[in-house]
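Everything below belongs to coords.pdb, which stores PDB, N, CA and C atoms.
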MODEL        1
ATOM      1  N   MET A  23    -104.282  50.686-161.695
ATOM      2  CA  MET A  23    -104.539  51.649-162.720
ATOM      3  C   MET A  23    -104.641  50.888-164.042
ATOM      4  N   ALA A  24    -105.775  50.925-164.686
ATOM      5  CA  ALA A  24    -105.935  50.270-165.983
ATOM      6  C   ALA A  24    -105.505  51.242-167.066
ATOM      7  N   ARG A  25    -104.739  50.762-168.014
ATOM      8  CA  ARG A  25    -104.182  51.639-169.056
ATOM      9  C   ARG A  25    -104.736  51.215-170.400
ATOM     10  N   GLN A  26    -105.737  51.960-170.912
ATOM     11  CA  GLN A  26    -106.267  51.696-172.241
ATOM     12  C   GLN A  26    -106.880  52.976-172.788
ATOM     13  N   PRO A  27    -106.097  53.822-173.446
ATOM     14  CA  PRO A  27    -106.660  55.039-174.011
ATOM     15  C   PRO A  27    -107.714  54.702-175.070
ATOM     16  N   ALA A  28    -108.889  55.269-174.917
ATOM     17  CA  ALA A  28    -109.990  54.963-175.831
ATOM     18  C   ALA A  28    -109.644  55.278-177.282
ATOM     19  N   ALA A  29    -108.908  56.358-177.506
ATOM     20  CA  ALA A  29    -108.573  56.752-178.876
ATOM     21  C   ALA A  29    -107.621  55.771-179.547
ATOM     22  N   ASN A  30    -106.912  54.970-178.767
ATOM     23  CA  ASN A  30    -105.929  54.056-179.332
ATOM     24  C   ASN A  30    -106.427  52.622-179.406
ATOM     25  N   TYR A  31    -107.704  52.376-179.190
ATOM     26  CA  TYR A  31    -108.202  51.009-179.170
ATOM     27  C   TYR A  31    -107.987  50.306-180.504
ATOM     28  N   ASN A  32    -108.059  51.021-181.597
ATOM     29  CA  ASN A  32    -107.895  50.409-182.917
ATOM     30  C   ASN A  32    -106.454  50.446-183.419
ATOM     31  N   LYS A  33    -105.514  50.695-182.546
ATOM     32  CA  LYS A  33    -104.115  50.749-182.966
ATOM     33  C   LYS A  33    -103.650  49.383-183.457
ATOM     34  N   ILE A  34    -102.590  49.386-184.240
ATOM     35  CA  ILE A  34    -102.101  48.125-184.799
ATOM     36  C   ILE A  34    -100.680  47.801-184.363
ATOM     37  N   SER A  35    -100.111  48.618-183.481
ATOM     38  CA  SER A  35     -98.755  48.344-183.026
ATOM     39  C   SER A  35     -98.710  48.275-181.498
ATOM     40  N   VAL A  36     -97.627  47.721-180.990
ATOM     41  CA  VAL A  36     -97.447  47.572-179.549
ATOM     42  C   VAL A  36     -97.060  48.918-178.954
ATOM     43  N   GLU A  37     -97.684  49.279-177.831
ATOM     44  CA  GLU A  37     -97.354  50.502-177.118
ATOM     45  C   GLU A  37     -96.533  50.129-175.887
ATOM     46  N   THR A  38     -95.384  50.739-175.710
ATOM     47  CA  THR A  38     -94.539  50.486-174.551
ATOM     48  C   THR A  38     -94.671  51.647-173.584
ATOM     49  N   ASN A  39     -94.922  51.325-172.309
ATOM     50  CA  ASN A  39     -95.005  52.335-171.263
ATOM     51  C   ASN A  39     -93.800  52.168-170.354
ATOM     52  N   VAL A  40     -93.112  53.271-170.085
ATOM     53  CA  VAL A  40     -91.868  53.234-169.314
ATOM     54  C   VAL A  40     -92.023  54.103-168.072
ATOM     55  N   LEU A  41     -91.599  53.575-166.931
ATOM     56  CA  LEU A  41     -91.564  54.333-165.683
ATOM     57  C   LEU A  41     -90.098  54.566-165.344
ATOM     58  N   LYS A  42     -89.654  55.799-165.440
ATOM     59  CA  LYS A  42     -88.236  56.123-165.248
ATOM     60  C   LYS A  42     -87.817  55.939-163.789
ATOM     61  N   ASN A  43     -86.690  55.268-163.586
ATOM     62  CA  ASN A  43     -86.039  55.113-162.289
ATOM     63  C   ASN A  43     -86.889  54.416-161.229
ATOM     64  N   HIS A  44     -87.838  53.629-161.637
ATOM     65  CA  HIS A  44     -88.658  52.891-160.687
ATOM     66  C   HIS A  44     -89.258  51.694-161.417
ATOM     67  N   GLU A  45     -89.867  50.798-160.673
ATOM     68  CA  GLU A  45     -90.463  49.610-161.279
ATOM     69  C   GLU A  45     -91.979  49.635-161.163
ATOM     70  N   MET A  46     -92.628  48.972-162.083
ATOM     71  CA  MET A  46     -94.072  48.772-162.032
ATOM     72  C   MET A  46     -94.342  47.295-162.282
ATOM     73  N   THR A  47     -95.470  46.836-161.839
ATOM     74  CA  THR A  47     -95.822  45.431-161.950
ATOM     75  C   THR A  47     -97.070  45.295-162.800
ATOM     76  N   ARG A  48     -96.969  44.499-163.884
ATOM     77  CA  ARG A  48     -98.163  44.227-164.680
ATOM     78  C   ARG A  48     -98.929  43.125-163.962
ATOM     79  N   ILE A  49    -100.141  43.425-163.524
ATOM     80  CA  ILE A  49    -100.920  42.426-162.808
ATOM     81  C   ILE A  49    -101.917  41.707-163.711
ATOM     82  N   VAL A  50    -102.148  42.247-164.889
ATOM     83  CA  VAL A  50    -102.968  41.550-165.881
ATOM     84  C   VAL A  50    -102.809  42.248-167.231
ATOM     85  N   SER A  51    -102.920  41.479-168.294
ATOM     86  CA  SER A  51    -102.924  41.993-169.652
ATOM     87  C   SER A  51    -103.853  41.092-170.453
ATOM     88  N   GLU A  52    -104.909  41.666-171.006
ATOM     89  CA  GLU A  52    -105.919  40.873-171.709
ATOM     90  C   GLU A  52    -106.386  41.580-172.975
ATOM     91  N   PRO A  53    -106.895  40.814-173.927
ATOM     92  CA  PRO A  53    -107.491  41.439-175.120
ATOM     93  C   PRO A  53    -108.859  42.031-174.787
ATOM     94  N   GLY A  54    -109.315  42.935-175.623
ATOM     95  CA  GLY A  54    -110.629  43.537-175.436
ATOM     96  C   GLY A  54    -110.554  44.819-174.635
ATOM     97  N   ARG A  55    -111.686  45.196-174.060
ATOM     98  CA  ARG A  55    -111.779  46.424-173.266
ATOM     99  C   ARG A  55    -111.882  46.079-171.783
ATOM    100  N   TRP A  56    -111.383  47.006-170.950
ATOM    101  CA  TRP A  56    -111.428  46.807-169.510
ATOM    102  C   TRP A  56    -112.825  47.075-168.983
ATOM    103  N   SER A  57    -113.235  46.338-167.957
ATOM    104  CA  SER A  57    -114.477  46.601-167.235
ATOM    105  C   SER A  57    -114.239  46.246-165.769
ATOM    106  N   PRO A  58    -115.038  46.761-164.849
ATOM    107  CA  PRO A  58    -114.818  46.482-163.426
ATOM    108  C   PRO A  58    -114.798  44.994-163.076
ATOM    109  N   ARG A  59    -115.555  44.168-163.760
ATOM    110  CA  ARG A  59    -115.563  42.740-163.416
ATOM    111  C   ARG A  59    -114.255  42.028-163.789
ATOM    112  N   LYS A  60    -113.410  42.683-164.602
ATOM    113  CA  LYS A  60    -112.113  42.108-164.967
ATOM    114  C   LYS A  60    -111.137  42.133-163.797
ATOM    115  N   ARG A  61    -111.454  42.879-162.732
ATOM    116  CA  ARG A  61    -110.564  42.955-161.572
ATOM    117  C   ARG A  61    -110.328  41.591-160.940
ATOM    118  N   ARG A  62    -111.228  40.670-161.093
ATOM    119  CA  ARG A  62    -111.043  39.341-160.493
ATOM    120  C   ARG A  62    -109.911  38.561-161.166
ATOM    121  N   ASN A  63    -109.437  39.022-162.325
ATOM    122  CA  ASN A  63    -108.334  38.363-163.030
ATOM    123  C   ASN A  63    -106.963  38.908-162.633
ATOM    124  N   TYR A  64    -106.918  39.920-161.760
ATOM    125  CA  TYR A  64    -105.645  40.529-161.387
ATOM    126  C   TYR A  64    -104.764  39.538-160.640
ATOM    127  N   ASN A  65    -103.487  39.485-160.988
ATOM    128  CA  ASN A  65    -102.506  38.640-160.313
ATOM    129  C   ASN A  65    -101.789  39.487-159.261
ATOM    130  N   LEU A  66    -102.242  39.406-158.022
ATOM    131  CA  LEU A  66    -101.639  40.194-156.954
ATOM    132  C   LEU A  66    -100.658  39.378-156.123
ATOM    133  N   GLN A  67    -100.423  38.127-156.509
ATOM    134  CA  GLN A  67     -99.577  37.238-155.715
ATOM    135  C   GLN A  67     -98.132  37.179-156.187
ATOM    136  N   ASP A  68     -97.896  36.903-157.463
ATOM    137  CA  ASP A  68     -96.530  36.660-157.916
ATOM    138  C   ASP A  68     -96.202  37.323-159.260
ATOM    139  N   ALA A  69     -96.744  38.503-159.485
ATOM    140  CA  ALA A  69     -96.449  39.232-160.720
ATOM    141  C   ALA A  69     -95.007  39.738-160.696
ATOM    142  N   VAL A  70     -94.416  39.917-161.872
ATOM    143  CA  VAL A  70     -93.011  40.317-162.006
ATOM    144  C   VAL A  70     -92.919  41.822-162.238
ATOM    145  N   SER A  71     -92.001  42.485-161.526
ATOM    146  CA  SER A  71     -91.785  43.928-161.691
ATOM    147  C   SER A  71     -90.885  44.197-162.885
ATOM    148  N   ARG A  72     -91.158  45.300-163.569
ATOM    149  CA  ARG A  72     -90.378  45.691-164.744
ATOM    150  C   ARG A  72     -90.300  47.218-164.813
ATOM    151  N   HIS A  73     -89.407  47.702-165.668
ATOM    152  CA  HIS A  73     -89.304  49.143-165.913
ATOM    153  C   HIS A  73     -90.169  49.560-167.094
ATOM    154  N   SER A  74     -90.549  48.607-167.946
ATOM    155  CA  SER A  74     -91.412  48.917-169.083
ATOM    156  C   SER A  74     -92.470  47.823-169.225
ATOM    157  N   ILE A  75     -93.632  48.233-169.690
ATOM    158  CA  ILE A  75     -94.774  47.327-169.880
ATOM    159  C   ILE A  75     -95.285  47.537-171.296
ATOM    160  N   GLN A  76     -95.552  46.451-172.003
ATOM    161  CA  GLN A  76     -96.102  46.541-173.352
ATOM    162  C   GLN A  76     -97.621  46.333-173.304
ATOM    163  N   VAL A  77     -98.320  47.158-174.089
ATOM    164  CA  VAL A  77     -99.760  47.005-174.277
ATOM    165  C   VAL A  77     -99.947  46.636-175.738
ATOM    166  N   PHE A  78    -100.493  45.466-175.979
ATOM    167  CA  PHE A  78    -100.624  44.942-177.328
ATOM    168  C   PHE A  78    -101.869  45.489-178.014
ATOM    169  N   PRO A  79    -101.910  45.437-179.355
ATOM    170  CA  PRO A  79    -103.059  45.977-180.088
ATOM    171  C   PRO A  79    -104.380  45.374-179.603
ATOM    172  N   LYS A  80    -105.386  46.235-179.467
ATOM    173  CA  LYS A  80    -106.733  45.865-179.035
ATOM    174  C   LYS A  80    -106.721  45.133-177.700
ATOM    175  N   SER A  81    -105.829  45.557-176.811
ATOM    176  CA  SER A  81    -105.688  44.949-175.495
ATOM    177  C   SER A  81    -105.549  46.040-174.439
ATOM    178  N   TRP A  82    -105.514  45.607-173.183
ATOM    179  CA  TRP A  82    -105.315  46.522-172.071
ATOM    180  C   TRP A  82    -104.432  45.835-171.039
ATOM    181  N   SER A  83    -103.802  46.638-170.207
ATOM    182  CA  SER A  83    -102.963  46.131-169.129
ATOM    183  C   SER A  83    -103.261  46.923-167.872
ATOM    184  N   ALA A  84    -103.245  46.256-166.733
ATOM    185  CA  ALA A  84    -103.363  46.921-165.437
ATOM    186  C   ALA A  84    -102.009  46.804-164.757
ATOM    187  N   ILE A  85    -101.564  47.895-164.164
ATOM    188  CA  ILE A  85    -100.265  47.895-163.499
ATOM    189  C   ILE A  85    -100.444  48.260-162.034
ATOM    190  N   LEU A  86     -99.506  47.794-161.223
ATOM    191  CA  LEU A  86     -99.473  48.108-159.801
ATOM    192  C   LEU A  86     -98.219  48.918-159.549
ATOM    193  N   LEU A  87     -98.386  50.075-158.934
ATOM    194  CA  LEU A  87     -97.262  50.944-158.612
ATOM    195  C   LEU A  87     -97.099  50.977-157.101
ATOM    196  N   THR A  88     -95.881  50.757-156.623
ATOM    197  CA  THR A  88     -95.585  50.809-155.202
ATOM    198  C   THR A  88     -94.456  51.799-155.000
ATOM    199  N   PHE A  89     -94.735  52.889-154.307
ATOM    200  CA  PHE A  89     -93.735  53.926-154.090
ATOM    201  C   PHE A  89     -93.295  53.916-152.636
ATOM    202  N   ASP A  90     -92.017  54.141-152.419
ATOM    203  CA  ASP A  90     -91.478  54.093-151.068
ATOM    204  C   ASP A  90     -91.333  55.467-150.424
ATOM    205  N   ASN A  91     -91.663  56.519-151.145
ATOM    206  CA  ASN A  91     -91.601  57.855-150.567
ATOM    207  C   ASN A  91     -92.506  58.790-151.357
ATOM    208  N   ALA A  92     -92.719  59.961-150.812
ATOM    209  CA  ALA A  92     -93.526  60.963-151.498
ATOM    210  C   ALA A  92     -92.749  61.491-152.697
ATOM    211  N   GLY A  93     -93.463  61.923-153.704
ATOM    212  CA  GLY A  93     -92.798  62.471-154.879
ATOM    213  C   GLY A  93     -93.683  62.381-156.097
ATOM    214  N   THR A  94     -93.109  62.653-157.255
ATOM    215  CA  THR A  94     -93.829  62.611-158.519
ATOM    216  C   THR A  94     -93.063  61.732-159.497
ATOM    217  N   TRP A  95     -93.765  60.837-160.168
ATOM    218  CA  TRP A  95     -93.179  59.968-161.178
ATOM    219  C   TRP A  95     -93.960  60.155-162.467
ATOM    220  N   ASN A  96     -93.322  59.899-163.592
ATOM    221  CA  ASN A  96     -94.072  59.967-164.836
ATOM    222  C   ASN A  96     -93.908  58.669-165.626
ATOM    223  N   ILE A  97     -95.026  58.244-166.183
ATOM    224  CA  ILE A  97     -95.086  57.066-167.043
ATOM    225  C   ILE A  97     -95.145  57.590-168.467
ATOM    226  N   ILE A  98     -94.211  57.139-169.290
ATOM    227  CA  ILE A  98     -94.088  57.650-170.654
ATOM    228  C   ILE A  98     -94.547  56.581-171.639
ATOM    229  N   SER A  99     -95.424  56.962-172.553
ATOM    230  CA  SER A  99     -95.866  56.082-173.626
ATOM    231  C   SER A  99     -94.894  56.234-174.791
ATOM    232  N   ASP A 100     -94.321  55.122-175.217
ATOM    233  CA  ASP A 100     -93.283  55.164-176.239
ATOM    234  C   ASP A 100     -93.696  54.327-177.447
ATOM    235  N   MET A 101     -94.230  54.987-178.471
ATOM    236  CA  MET A 101     -94.569  54.331-179.731
ATOM    237  C   MET A 101     -93.728  54.993-180.812
ATOM    238  N   ARG A 102     -92.863  54.243-181.432
ATOM    239  CA  ARG A 102     -91.904  54.814-182.382
ATOM    240  C   ARG A 102     -92.559  55.615-183.503
ATOM    241  N   GLU A 103     -93.679  55.119-184.022
ATOM    242  CA  GLU A 103     -94.300  55.830-185.139
ATOM    243  C   GLU A 103     -94.986  57.121-184.698
ATOM    244  N   ARG A 104     -95.137  57.332-183.369
ATOM    245  CA  ARG A 104     -95.746  58.555-182.851
ATOM    246  C   ARG A 104     -94.819  59.254-181.873
ATOM    247  N   ALA A 105     -93.554  59.158-182.072
ATOM    248  CA  ALA A 105     -92.583  59.730-181.123
ATOM    249  C   ALA A 105     -92.810  61.228-180.915
ATOM    250  N   TYR A 106     -93.298  61.923-181.924
ATOM    251  CA  TYR A 106     -93.532  63.356-181.814
ATOM    252  C   TYR A 106     -94.730  63.674-180.925
ATOM    253  N   GLN A 107     -95.586  62.695-180.623
ATOM    254  CA  GLN A 107     -96.764  62.901-179.784
ATOM    255  C   GLN A 107     -96.563  62.290-178.395
ATOM    256  N   ARG A 108     -95.416  62.392-177.870
ATOM    257  CA  ARG A 108     -95.077  61.745-176.609
ATOM    258  C   ARG A 108     -96.165  61.969-175.551
ATOM    259  N   GLN A 109     -96.758  60.874-175.097
ATOM    260  CA  GLN A 109     -97.797  60.938-174.077
ATOM    261  C   GLN A 109     -97.179  60.600-172.724
ATOM    262  N   GLU A 110     -97.539  61.363-171.709
ATOM    263  CA  GLU A 110     -97.013  61.133-170.376
ATOM    264  C   GLU A 110     -98.144  61.191-169.361
ATOM    265  N   LEU A 111     -98.022  60.376-168.328
ATOM    266  CA  LEU A 111     -98.966  60.368-167.216
ATOM    267  C   LEU A 111     -98.154  60.602-165.953
ATOM    268  N   TYR A 112     -98.502  61.628-165.200
ATOM    269  CA  TYR A 112     -97.788  61.940-163.965
ATOM    270  C   TYR A 112     -98.560  61.381-162.778
ATOM    271  N   VAL A 113     -97.829  60.723-161.872
ATOM    272  CA  VAL A 113     -98.409  60.160-160.656
ATOM    273  C   VAL A 113     -97.729  60.845-159.482
ATOM    274  N   SER A 114     -98.521  61.464-158.589
ATOM    275  CA  SER A 114     -97.963  62.147-157.430
ATOM    276  C   SER A 114     -98.403  61.454-156.156
ATOM    277  N   VAL A 115     -97.467  61.316-155.238
ATOM    278  CA  VAL A 115     -97.739  60.755-153.921
ATOM    279  C   VAL A 115     -97.417  61.842-152.911
ATOM    280  N   PHE A 116     -98.402  62.214-152.104
ATOM    281  CA  PHE A 116     -98.221  63.282-151.138
ATOM    282  C   PHE A 116     -97.972  62.700-149.757
ATOM    283  N   SER A 117     -97.237  63.426-148.959
ATOM    284  CA  SER A 117     -96.969  63.034-147.575
ATOM    285  C   SER A 117     -97.330  64.202-146.672
ATOM    286  N   PRO A 118     -98.047  63.944-145.591
ATOM    287  CA  PRO A 118     -98.361  65.046-144.668
ATOM    288  C   PRO A 118     -97.132  65.491-143.870
ATOM    289  N   ARG A 119     -96.078  64.681-143.902
ATOM    290  CA  ARG A 119     -94.849  64.984-143.166
ATOM    291  C   ARG A 119     -94.041  66.044-143.914
ATOM    292  N   LYS A 120     -93.601  67.073-143.235
ATOM    293  CA  LYS A 120     -92.764  68.108-143.845
ATOM    294  C   LYS A 120     -91.318  67.632-143.801
ATOM    295  N   SER A 121     -90.739  67.331-144.966
ATOM    296  CA  SER A 121     -89.385  66.797-144.992
ATOM    297  C   SER A 121     -88.702  67.119-146.307
ATOM    298  N   LEU A 122     -87.467  67.579-146.242
ATOM    299  CA  LEU A 122     -86.683  67.800-147.445
ATOM    300  C   LEU A 122     -85.871  66.553-147.807
ATOM    301  N   GLU A 123     -85.965  65.495-146.997
ATOM    302  CA  GLU A 123     -85.292  64.236-147.311
ATOM    303  C   GLU A 123     -85.916  63.588-148.538
ATOM    304  N   GLU A 124     -87.202  63.838-148.715
ATOM    305  CA  GLU A 124     -87.898  63.261-149.858
ATOM    306  C   GLU A 124     -87.959  64.310-150.955
ATOM    307  N   GLU A 125     -89.117  64.613-151.449
ATOM    308  CA  GLU A 125     -89.290  65.663-152.444
ATOM    309  C   GLU A 125     -89.797  66.912-151.720
ATOM    310  N   TYR A 126     -89.769  68.030-152.413
ATOM    311  CA  TYR A 126     -90.381  69.220-151.833
ATOM    312  C   TYR A 126     -91.859  68.963-151.635
ATOM    313  N   ASN A 127     -92.403  69.532-150.584
ATOM    314  CA  ASN A 127     -93.825  69.365-150.294
ATOM    315  C   ASN A 127     -94.674  70.107-151.319
ATOM    316  N   ILE A 128     -95.936  69.703-151.421
ATOM    317  CA  ILE A 128     -96.864  70.371-152.323
ATOM    318  C   ILE A 128     -97.016  71.833-151.877
ATOM    319  N   PRO A 129     -97.062  72.778-152.807
ATOM    320  CA  PRO A 129     -97.216  74.192-152.428
ATOM    321  C   PRO A 129     -98.520  74.420-151.674
ATOM    322  N   ASP A 130     -98.520  75.387-150.777
ATOM    323  CA  ASP A 130     -99.701  75.665-149.958
ATOM    324  C   ASP A 130    -100.903  76.090-150.786
ATOM    325  N   ASN A 131    -100.684  76.687-151.961
ATOM    326  CA  ASN A 131    -101.793  77.165-152.779
ATOM    327  C   ASN A 131    -102.279  76.120-153.802
ATOM    328  N   ALA A 132    -101.716  74.908-153.780
ATOM    329  CA  ALA A 132    -102.126  73.861-154.727
ATOM    330  C   ALA A 132    -103.394  73.179-154.253
ATOM    331  N   GLN A 133    -104.230  72.791-155.200
ATOM    332  CA  GLN A 133    -105.451  72.073-154.884
ATOM    333  C   GLN A 133    -105.262  70.606-155.237
ATOM    334  N   PRO A 134    -105.390  69.688-154.250
ATOM    335  CA  PRO A 134    -105.209  68.255-154.541
ATOM    336  C   PRO A 134    -106.314  67.682-155.394
TER
ENDMDL
END

How does the structure come out when it is put into structure tokens?
Amino acid sequence: MARQPAANYNKISVETNVLKNHEMTRIVSEPGRWSPRKRRNYNLQDAVSRHSIQVFPKSWSAILLTFDNAGTWNIISDMRERAYQRQELYVSVFSPRKSLEEEYNIPDNAQP
């Protein structure tokens, strides 16, 4: 998942993204704008997992998320000067298995 909101490209401060109670792996962080050919720069071998990832001004970062069960997680954008505009991205992982051991299953009337 490449993280670079178009409206924030001209920002001048570091944006911190936090994944609560789980880890994410930054596989690349580069200046400029993301494009499909940048995928060849991804570090899929020995990247370090973290709970927060920084995106620097006029840059982008790609993260790898690995979930061990079905459920919903949210990635929170934390910029102190815009704390009132808290941006969140929800990631849902569905399982065809009916189980209350994990999260509640998606409602029958929901559209994936």

Take every atom of range 33-50 of chain A listed in the file, fit an axis-aligned box around them, add 5 Å per side, and give the centre and edge lengths in Å to one decimal as AutoDock Vina command-line options.
--center_x -95.8 --center_y 48.8 --center_z -172.7 --size_x 29.5 --size_y 24.6 --size_z 34.1

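Interatomic distance, CA of Val40 in chain A to CA of Glu52 in chain A: 18.9 Å.
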
- Message: Between CA of Thr94 in chain A and atom C of Ser114 in chain A, what is the distance in Å, rounded to a tenth?
- Response: 5.3 Å

- Residues near range 68-78 of chain A, cut-off 6 Å, only N, CA and C atoms, skip fewer than 5 positions along chain, as number ranges by chain: A: 35-41, 44-49, 83

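Picture a line from atom N of Trp95 in chain A to atom C of Val115 in chain A; it runs 8.2 Å.
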
- Message: Under the rule that all atoms listed in the file are counted, which of A:Glu110, A:Arg59, A:Leu66, A:Ser117 is the nearest residue to Asn91 in chain A?
- Response: A:Ser117

- Item | Best match for closeness to Asn63 in chain A among A:Val50, A:Ile97, A:Val113, A:Leu86, counting only N, CA and C atoms | A:Val50

Any chance you could work out the residue set of the PyMOL selection byres ((chain A and resi 109) around 6.5) here, as a tab-separated table (two decimals) with N, CA and C atoms, keeping the file's coordinate frame?
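Generated output (result_26.tsv):
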chain	number	residue	atom	x	y	z
A	97	ILE	N	-95.03	58.24	-166.18
A	97	ILE	CA	-95.09	57.07	-167.04
A	97	ILE	C	-95.14	57.59	-168.47
A	98	ILE	N	-94.21	57.14	-169.29
A	98	ILE	CA	-94.09	57.65	-170.65
A	98	ILE	C	-94.55	56.58	-171.64
A	99	SER	N	-95.42	56.96	-172.55
A	99	SER	CA	-95.87	56.08	-173.63
A	99	SER	C	-94.89	56.23	-174.79
A	100	ASP	N	-94.32	55.12	-175.22
A	100	ASP	CA	-93.28	55.16	-176.24
A	100	ASP	C	-93.70	54.33	-177.45
A	107	GLN	N	-95.59	62.70	-180.62
A	107	GLN	CA	-96.76	62.90	-179.78
A	107	GLN	C	-96.56	62.29	-178.40
A	108	ARG	N	-95.42	62.39	-177.87
A	108	ARG	CA	-95.08	61.74	-176.61
A	108	ARG	C	-96.16	61.97	-175.55
A	110	GLU	N	-97.54	61.36	-171.71
A	110	GLU	CA	-97.01	61.13	-170.38
A	110	GLU	C	-98.14	61.19	-169.36
A	111	LEU	N	-98.02	60.38	-168.33
A	111	LEU	CA	-98.97	60.37	-167.22
A	111	LEU	C	-98.15	60.60	-165.95

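Using all atoms listed in the file for every distance, the candidate list A:Thr88, A:Ser81, A:Asn96, A:Asn65 yields A:Ser81 as the residue closest to Pro53 in chain A.
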
- Those of range 25-120 of chain A in DSSP strand (DSSP E or B), formatted as number ranges by chain: A: 25, 37-41, 46-53, 71-72, 74-77, 81-87, 93-100, 109-115

Would you mind exporting the chosen residues as a short mmCIF file (atom, residue, chain, number, x, y, z; two decimals), in the frame of the given file, restricted to N, CA and C atoms?
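Saved the output as result.cif:
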data_model
loop_
_atom_site.label_atom_id
_atom_site.label_comp_id
_atom_site.auth_asym_id
_atom_site.auth_seq_id
_atom_site.Cartn_x
_atom_site.Cartn_y
_atom_site.Cartn_z
N ARG A 25 -104.74 50.76 -168.01
CA ARG A 25 -104.18 51.64 -169.06
C ARG A 25 -104.74 51.22 -170.40
N GLU A 37 -97.68 49.28 -177.83
CA GLU A 37 -97.35 50.50 -177.12
C GLU A 37 -96.53 50.13 -175.89
N THR A 38 -95.38 50.74 -175.71
CA THR A 38 -94.54 50.49 -174.55
C THR A 38 -94.67 51.65 -173.58
N ASN A 39 -94.92 51.32 -172.31
CA ASN A 39 -95.00 52.34 -171.26
C ASN A 39 -93.80 52.17 -170.35
N VAL A 40 -93.11 53.27 -170.08
CA VAL A 40 -91.87 53.23 -169.31
C VAL A 40 -92.02 54.10 -168.07
N LEU A 41 -91.60 53.58 -166.93
CA LEU A 41 -91.56 54.33 -165.68
C LEU A 41 -90.10 54.57 -165.34
N MET A 46 -92.63 48.97 -162.08
CA MET A 46 -94.07 48.77 -162.03
C MET A 46 -94.34 47.30 -162.28
N THR A 47 -95.47 46.84 -161.84
CA THR A 47 -95.82 45.43 -161.95
C THR A 47 -97.07 45.30 -162.80
N ARG A 48 -96.97 44.50 -163.88
CA ARG A 48 -98.16 44.23 -164.68
C ARG A 48 -98.93 43.12 -163.96
N ILE A 49 -100.14 43.42 -163.52
CA ILE A 49 -100.92 42.43 -162.81
C ILE A 49 -101.92 41.71 -163.71
N VAL A 50 -102.15 42.25 -164.89
CA VAL A 50 -102.97 41.55 -165.88
C VAL A 50 -102.81 42.25 -167.23
N SER A 51 -102.92 41.48 -168.29
CA SER A 51 -102.92 41.99 -169.65
C SER A 51 -103.85 41.09 -170.45
N GLU A 52 -104.91 41.67 -171.01
CA GLU A 52 -105.92 40.87 -171.71
C GLU A 52 -106.39 41.58 -172.98
N PRO A 53 -106.90 40.81 -173.93
CA PRO A 53 -107.49 41.44 -175.12
C PRO A 53 -108.86 42.03 -174.79
N SER A 71 -92.00 42.48 -161.53
CA SER A 71 -91.78 43.93 -161.69
C SER A 71 -90.88 44.20 -162.88
N ARG A 72 -91.16 45.30 -163.57
CA ARG A 72 -90.38 45.69 -164.74
C ARG A 72 -90.30 47.22 -164.81
N SER A 74 -90.55 48.61 -167.95
CA SER A 74 -91.41 48.92 -169.08
C SER A 74 -92.47 47.82 -169.22
N ILE A 75 -93.63 48.23 -169.69
CA ILE A 75 -94.77 47.33 -169.88
C ILE A 75 -95.28 47.54 -171.30
N GLN A 76 -95.55 46.45 -172.00
CA GLN A 76 -96.10 46.54 -173.35
C GLN A 76 -97.62 46.33 -173.30
N VAL A 77 -98.32 47.16 -174.09
CA VAL A 77 -99.76 47.00 -174.28
C VAL A 77 -99.95 46.64 -175.74
N SER A 81 -105.83 45.56 -176.81
CA SER A 81 -105.69 44.95 -175.50
C SER A 81 -105.55 46.04 -174.44
N TRP A 82 -105.51 45.61 -173.18
CA TRP A 82 -105.32 46.52 -172.07
C TRP A 82 -104.43 45.84 -171.04
N SER A 83 -103.80 46.64 -170.21
CA SER A 83 -102.96 46.13 -169.13
C SER A 83 -103.26 46.92 -167.87
N ALA A 84 -103.24 46.26 -166.73
CA ALA A 84 -103.36 46.92 -165.44
C ALA A 84 -102.01 46.80 -164.76
N ILE A 85 -101.56 47.90 -164.16
CA ILE A 85 -100.26 47.90 -163.50
C ILE A 85 -100.44 48.26 -162.03
N LEU A 86 -99.51 47.79 -161.22
CA LEU A 86 -99.47 48.11 -159.80
C LEU A 86 -98.22 48.92 -159.55
N LEU A 87 -98.39 50.08 -158.93
CA LEU A 87 -97.26 50.94 -158.61
C LEU A 87 -97.10 50.98 -157.10
N GLY A 93 -93.46 61.92 -153.70
CA GLY A 93 -92.80 62.47 -154.88
C GLY A 93 -93.68 62.38 -156.10
N THR A 94 -93.11 62.65 -157.26
CA THR A 94 -93.83 62.61 -158.52
C THR A 94 -93.06 61.73 -159.50
N TRP A 95 -93.76 60.84 -160.17
CA TRP A 95 -93.18 59.97 -161.18
C TRP A 95 -93.96 60.16 -162.47
N ASN A 96 -93.32 59.90 -163.59
CA ASN A 96 -94.07 59.97 -164.84
C ASN A 96 -93.91 58.67 -165.63
N ILE A 97 -95.03 58.24 -166.18
CA ILE A 97 -95.09 57.07 -167.04
C ILE A 97 -95.14 57.59 -168.47
N ILE A 98 -94.21 57.14 -169.29
CA ILE A 98 -94.09 57.65 -170.65
C ILE A 98 -94.55 56.58 -171.64
N SER A 99 -95.42 56.96 -172.55
CA SER A 99 -95.87 56.08 -173.63
C SER A 99 -94.89 56.23 -174.79
N ASP A 100 -94.32 55.12 -175.22
CA ASP A 100 -93.28 55.16 -176.24
C ASP A 100 -93.70 54.33 -177.45
N GLN A 109 -96.76 60.87 -175.10
CA GLN A 109 -97.80 60.94 -174.08
C GLN A 109 -97.18 60.60 -172.72
N GLU A 110 -97.54 61.36 -171.71
CA GLU A 110 -97.01 61.13 -170.38
C GLU A 110 -98.14 61.19 -169.36
N LEU A 111 -98.02 60.38 -168.33
CA LEU A 111 -98.97 60.37 -167.22
C LEU A 111 -98.15 60.60 -165.95
N TYR A 112 -98.50 61.63 -165.20
CA TYR A 112 -97.79 61.94 -163.96
C TYR A 112 -98.56 61.38 -162.78
N VAL A 113 -97.83 60.72 -161.87
CA VAL A 113 -98.41 60.16 -160.66
C VAL A 113 -97.73 60.84 -159.48
N SER A 114 -98.52 61.46 -158.59
CA SER A 114 -97.96 62.15 -157.43
C SER A 114 -98.40 61.45 -156.16
N VAL A 115 -97.47 61.32 -155.24
CA VAL A 115 -97.74 60.76 -153.92
C VAL A 115 -97.42 61.84 -152.91
#
